[in-house]
Amino acid sequence: MVEALPHRSYPSTRMRRNRREPWIRRLVAENKLSVDDLIWPIFVIDGENTTEQVASMPGVQRFTIDLLVDVVGAAKDLGIPAISLFPQTNPDVKTPDAREAYNPDNLVCKAVRAIKSAHPDIGVMCDVALDPYNSDGHDGIVKDGRILNDDSIVALCKQSVVQAEAGCDILGPSDMMDGRIAAMRDALDSDGFQDTIIMSYAAKYASGFYNPFRDAIGSGGAMKGDKKTYQMNPYNSDEALHEVALDINEGADMVMVKPGLPYLDIVHRVKSTFGVPTYAYHVSGEYAMLQAANLNGWLNYEIVMMETLASFKRAGTDGVLTYCALDAARILRNG
Ligand code: PBG
């Protein structure tokens with residue numbers, strides 16, 4: 001970082017000299033996006049040989065496991081280090097206690113096993129939260145209209161263990177219950193999963209940018225109320241540092257800020273305060289905005305998408321979860 005700017009002035013200084021040609025622009029570039037920075041979130045559905053378009057996310061599909069294995073192979077061939085799986089659960093198996101979350105044969109566990117046996121060398125991440133399985137649509141267990149913290153943690157720990165058992169490499173607790181990282185670490189360690197990584201959704205805001213995701217996994221319809229009693233207030237910034245500090249102390253290996261673009265100030269504060277591996281989730285609504293503007297001819301998707309990903313690097317992330325991962329990887333490969 002520039003601590004003290006030297007005294008420079010025009011005309012002896014001309015900033016445009018270093019922008020004259022592509023080669024000099026490359027030479028002075030301060031940040032670089034690489035395929036190594038990308039985690040691709042993918043939606044999974046029951047059935048065979050089927051894809052479904054997510055209406056509010058043009059270009060994003062849900063895949064049955066057989067087809068999922070092929071697209072993950074394509075991601076691996078492009079050099080993407082890891083993918084993240086999100087199941088759209090059949091409403092018939094959703095219950096108030098969300099017990100399907102810790103069924104070792106649930107959709108996401110089957111998907112993890114299929115991917116790991118076909119592509120052992122791509123990282124697989126899974127969400128830890130109850131919303132895909134909960135008839136109340138919330139990330140935790142709901143009783144009398146309240147989200148129960150400690151009861152939810154019991155279910156989240158069981159969910160963590162079945163996902164680790166299925167072969168998941170990174171667990172991403174996105175639920176924002178207090179104390180869940182320590183409890184998950186204990187549960188994983190005592191079941192022999194000392195090497196399972198935890199990427200905590202440490203500073204996750206109660207955001208309107210998640211709506212397309214809730215369409216994609218089918219959790220939005222059931223949800224009563226909002227998630228403001230567990231996700232953070234968008235006006236807060238210091239609180240994010242407390243959240244991250246707690247999760248690191250409890251054993252998180254990596255932390256995440258979510259959403260991405262509207263919260264780059266938080267990304268920057270977290271990375272410069274703690275210096276731990278820090279990720280941002282460029283969420284569904286952010287993706288939908290880029291696509292919607294592109295479809296109207298108002299923006300060029302490829303240009304604004306790459307510019308958006310550049311902003312994450314500038315802010316200090318070590319990587320980005322983005323629905324644009326395949327597109328970005330192709331652009332990075334082909335120039
Ligand atoms: C649920 C979860 C959400 C996302 C990831 N995990 C939504 C929510 O909290 O309601 C959002 C991802 C996106 O919008 O792309 N625990």
# chains A, B, ... in the order shown; residues from 1 in each chain; ligands from 1

$ residues_near_ligand --ligand "ligand 1" --cutoff "10 Å" --atoms "only C-alpha atoms and all ligand atoms" --output "JSON, numbers by chain"
{"A": [41, 42, 57, 84, 85, 86, 126, 127, 128, 129, 130, 131, 132, 137, 138, 139, 140, 172, 173, 174, 175, 176, 201, 204, 205, 206, 207, 208, 209, 210, 211, 212, 213, 214, 215, 216, 217, 219, 220, 223, 226, 227, 230, 231, 258, 259, 260, 281, 282, 283, 284, 285, 286, 287, 288, 321, 322, 323]}

$ closest_atom_pairs --of "range 157-185 of chain A" --to "range 95-115 of chain A" --cutoff "7 Å" --atoms "only C-alpha atoms" --output "JSON lines"
{"residue": "A:Lys158", "atom": "CA", "partner": "A:Tyr102", "partner_atom": "CA", "distance": 5.6}
{"residue": "A:Gln159", "atom": "CA", "partner": "A:Tyr102", "partner_atom": "CA", "distance": 4.4}
{"residue": "A:Val162", "atom": "CA", "partner": "A:Pro104", "partner_atom": "CA", "distance": 5.3}
{"residue": "A:Gln163", "atom": "CA", "partner": "A:Cys109", "partner_atom": "CA", "distance": 5.9}
{"residue": "A:Ala166", "atom": "CA", "partner": "A:Cys109", "partner_atom": "CA", "distance": 5.5}
{"residue": "A:Gly167", "atom": "CA", "partner": "A:Arg113", "partner_atom": "CA", "distance": 6.3}
{"residue": "A:Cys168", "atom": "CA", "partner": "A:Val112", "partner_atom": "CA", "distance": 6.3}

$ write_last_selection --atoms "C-alpha atoms" --output "short mmCIF file (atom, residue, chain, number, x, y, z; two decimals), in the first residue's frame"
data_model
loop_
_atom_site.label_atom_id
_atom_site.label_comp_id
_atom_site.auth_asym_id
_atom_site.auth_seq_id
_atom_site.Cartn_x
_atom_site.Cartn_y
_atom_site.Cartn_z
CA LYS A 158 -24.97 -34.02 12.58
CA GLN A 159 -25.23 -32.48 9.10
CA VAL A 162 -22.67 -36.88 7.28
CA GLN A 163 -21.30 -34.45 4.70
CA ALA A 166 -19.63 -38.51 2.15
CA GLY A 167 -16.27 -36.99 1.22
CA CYS A 168 -16.90 -33.25 1.40
#

$ closest_atom_pairs --of "range 30-51 of chain A" --to "range 303-310 of chain A" --cutoff "12 Å" --atoms "only C-alpha atoms" --output "Markdown table"
| residue | atom | partner | partner_atom | distance |
| --- | --- | --- | --- | --- |
| A:Glu30 | CA | A:Ala310 | CA | 10.5 |
| A:Asn31 | CA | A:Ala310 | CA | 7.7 |
| A:Lys32 | CA | A:Ala310 | CA | 7.3 |
| A:Leu33 | CA | A:Ala310 | CA | 6.3 |
| A:Ser34 | CA | A:Ala310 | CA | 9.9 |
| A:Val35 | CA | A:Leu309 | CA | 11.0 |
| A:Asp37 | CA | A:Leu309 | CA | 9.4 |
| A:Leu38 | CA | A:Leu309 | CA | 9.4 |
| A:Ile39 | CA | A:Leu309 | CA | 12.0 |

$ atom_distance --atom1 "CA of Ala4 in chain A" --atom2 "CA of Asp318 in chain A"
26.2 Å

$ select_by_dssp --residues "range 136-221 of chain A" --states "strand (DSSP E or B)" --output "compact mmCIF listing (two decimals) with N, CA, C and O atoms, in the first residue's frame"
# COMPACT_ATOMS: atom_id res chain seq x y z
N ILE A 141 -33.68 -24.26 13.40
CA ILE A 141 -34.97 -24.83 13.78
C ILE A 141 -35.86 -23.75 14.38
O ILE A 141 -35.42 -22.96 15.21
N VAL A 142 -37.12 -23.73 13.91
CA VAL A 142 -38.03 -22.67 14.32
C VAL A 142 -39.02 -23.23 15.34
O VAL A 142 -39.59 -24.31 15.14
N LYS A 143 -39.19 -22.51 16.43
CA LYS A 143 -40.23 -22.89 17.40
C LYS A 143 -40.96 -21.62 17.84
O LYS A 143 -40.32 -20.66 18.23
N ARG A 146 -39.60 -18.43 16.62
CA ARG A 146 -38.21 -18.04 16.93
C ARG A 146 -37.24 -19.09 16.43
O ARG A 146 -37.54 -20.28 16.41
N ILE A 147 -36.05 -18.63 16.05
CA ILE A 147 -35.03 -19.55 15.56
C ILE A 147 -34.17 -19.95 16.75
O ILE A 147 -33.52 -19.11 17.38
N LEU A 148 -34.19 -21.25 17.07
CA LEU A 148 -33.51 -21.74 18.27
C LEU A 148 -32.03 -21.96 17.98
O LEU A 148 -31.67 -22.78 17.15
N ILE A 170 -14.65 -29.22 2.20
CA ILE A 170 -14.81 -27.95 2.91
C ILE A 170 -16.26 -27.82 3.35
O ILE A 170 -17.18 -27.92 2.52
N LEU A 171 -16.47 -27.61 4.63
CA LEU A 171 -17.83 -27.35 5.12
C LEU A 171 -18.00 -25.85 5.25
O LEU A 171 -17.15 -25.16 5.82
N GLY A 172 -19.11 -25.36 4.70
CA GLY A 172 -19.38 -23.93 4.73
C GLY A 172 -20.61 -23.62 5.56
O GLY A 172 -21.71 -23.56 5.02
N PRO A 173 -20.44 -23.45 6.88
CA PRO A 173 -21.61 -23.10 7.69
C PRO A 173 -22.12 -21.71 7.34
O PRO A 173 -21.44 -20.71 7.55
N ILE A 197 -12.02 -29.23 6.26
CA ILE A 197 -11.80 -27.79 6.39
C ILE A 197 -13.13 -27.09 6.69
O ILE A 197 -14.17 -27.47 6.16
N ILE A 198 -13.08 -26.05 7.53
CA ILE A 198 -14.29 -25.22 7.75
C ILE A 198 -14.05 -23.83 7.18
O ILE A 198 -13.13 -23.13 7.59
N MET A 199 -14.87 -23.48 6.18
CA MET A 199 -14.90 -22.09 5.69
C MET A 199 -16.16 -21.46 6.26
O MET A 199 -17.27 -21.73 5.79
N SER A 200 -15.98 -20.66 7.28
CA SER A 200 -17.16 -20.09 7.93
C SER A 200 -17.72 -18.92 7.13
O SER A 200 -16.96 -18.05 6.70
N TYR A 201 -19.05 -18.94 6.94
CA TYR A 201 -19.71 -17.73 6.44
C TYR A 201 -19.77 -16.83 7.68
O TYR A 201 -20.75 -16.81 8.42
N ALA A 202 -18.66 -16.13 7.94
CA ALA A 202 -18.50 -15.46 9.23
C ALA A 202 -19.30 -14.17 9.30
O ALA A 202 -19.96 -13.88 10.29
N ALA A 203 -19.19 -13.36 8.25
CA ALA A 203 -19.93 -12.10 8.21
C ALA A 203 -20.94 -12.20 7.08
O ALA A 203 -20.66 -11.88 5.93
N LYS A 204 -22.11 -12.71 7.45
CA LYS A 204 -23.16 -12.89 6.45
C LYS A 204 -24.29 -11.94 6.79
O LYS A 204 -24.83 -11.97 7.90
N TYR A 205 -24.65 -11.12 5.85
CA TYR A 205 -25.63 -10.06 6.08
C TYR A 205 -27.04 -10.52 5.68
O TYR A 205 -27.20 -11.33 4.76

$ closest_residue --among "A:Leu5, A:Ala183, A:Leu156, A:Ala280" --to "Met254 in chain A" --atoms "only C-alpha atoms"
A:Ala280

$ closest_residue --among "A:Gly123, A:Gly179, A:Gly218, A:Pro234" --to "Thr196 in chain A" --atoms "only C-alpha atoms"
A:Gly123

$ atom_distance --atom1 "CA of Phe274 in chain A" --atom2 "CA of Val244 in chain A"
8.5 Å

$ select_by_dssp --residues "range 161-328 of chain A" --states "alpha helix (DSSP H)" --output "count of residues only"
79

$ atom_distance --atom1 "CA of Gln61 in chain A" --atom2 "CA of Leu299 in chain A"
22.2 Å

$ residues_around --residues "Thr317 in chain A" --least-positions-apart "5" --cutoff "7 Å" --atoms "only C-alpha atoms" --output "ChimeraX atom specification"
/A:267,278-280,312

$ write_last_selection --atoms "all heavy atoms" --output "PDB file, in the first residue's frame"
ATOM      1  N   VAL A 267     -14.857  -6.918   3.362  1.00  0.00           N
ATOM      2  CA  VAL A 267     -13.797  -7.825   2.904  1.00  0.00           C
ATOM      3  C   VAL A 267     -12.439  -7.206   3.225  1.00  0.00           C
ATOM      4  O   VAL A 267     -11.554  -7.857   3.785  1.00  0.00           O
ATOM      5  CB  VAL A 267     -13.898  -8.056   1.373  1.00  0.00           C
ATOM      6  CG1 VAL A 267     -12.667  -8.773   0.851  1.00  0.00           C
ATOM      7  CG2 VAL A 267     -15.158  -8.844   1.023  1.00  0.00           C
ATOM      8  N   THR A 278      -9.395 -15.345   3.217  1.00  0.00           N
ATOM      9  CA  THR A 278     -10.656 -14.589   3.235  1.00  0.00           C
ATOM     10  C   THR A 278     -11.330 -14.678   1.870  1.00  0.00           C
ATOM     11  O   THR A 278     -10.695 -14.403   0.841  1.00  0.00           O
ATOM     12  CB  THR A 278     -10.368 -13.105   3.584  1.00  0.00           C
ATOM     13  OG1 THR A 278      -9.710 -13.053   4.844  1.00  0.00           O
ATOM     14  CG2 THR A 278     -11.654 -12.287   3.654  1.00  0.00           C
ATOM     15  N   TYR A 279     -12.590 -15.044   1.864  1.00  0.00           N
ATOM     16  CA  TYR A 279     -13.342 -15.262   0.618  1.00  0.00           C
ATOM     17  C   TYR A 279     -14.565 -14.357   0.603  1.00  0.00           C
ATOM     18  O   TYR A 279     -15.024 -13.896   1.645  1.00  0.00           O
ATOM     19  CB  TYR A 279     -13.736 -16.754   0.500  1.00  0.00           C
ATOM     20  CG  TYR A 279     -12.474 -17.567   0.441  1.00  0.00           C
ATOM     21  CD1 TYR A 279     -11.775 -17.851   1.610  1.00  0.00           C
ATOM     22  CD2 TYR A 279     -11.889 -17.912  -0.771  1.00  0.00           C
ATOM     23  CE1 TYR A 279     -10.548 -18.487   1.568  1.00  0.00           C
ATOM     24  CE2 TYR A 279     -10.670 -18.545  -0.822  1.00  0.00           C
ATOM     25  CZ  TYR A 279     -10.000 -18.830   0.352  1.00  0.00           C
ATOM     26  OH  TYR A 279      -8.779 -19.428   0.301  1.00  0.00           O
ATOM     27  N   ALA A 280     -15.076 -14.120  -0.576  1.00  0.00           N
ATOM     28  CA  ALA A 280     -16.316 -13.367  -0.704  1.00  0.00           C
ATOM     29  C   ALA A 280     -17.269 -14.202  -1.545  1.00  0.00           C
ATOM     30  O   ALA A 280     -16.834 -14.959  -2.427  1.00  0.00           O
ATOM     31  CB  ALA A 280     -16.062 -12.028  -1.383  1.00  0.00           C
ATOM     32  N   PHE A 312     -12.877  -7.823  -6.337  1.00  0.00           N
ATOM     33  CA  PHE A 312     -12.667  -8.712  -5.185  1.00  0.00           C
ATOM     34  C   PHE A 312     -11.179  -8.884  -4.895  1.00  0.00           C
ATOM     35  O   PHE A 312     -10.755  -8.905  -3.746  1.00  0.00           O
ATOM     36  CB  PHE A 312     -13.309 -10.079  -5.443  1.00  0.00           C
ATOM     37  CG  PHE A 312     -14.812 -10.049  -5.402  1.00  0.00           C
ATOM     38  CD1 PHE A 312     -15.565 -10.179  -6.563  1.00  0.00           C
ATOM     39  CD2 PHE A 312     -15.472  -9.874  -4.198  1.00  0.00           C
ATOM     40  CE1 PHE A 312     -16.936 -10.130  -6.525  1.00  0.00           C
ATOM     41  CE2 PHE A 312     -16.860  -9.833  -4.141  1.00  0.00           C
ATOM     42  CZ  PHE A 312     -17.599  -9.962  -5.315  1.00  0.00           C
TER      43      PHE A 312
END
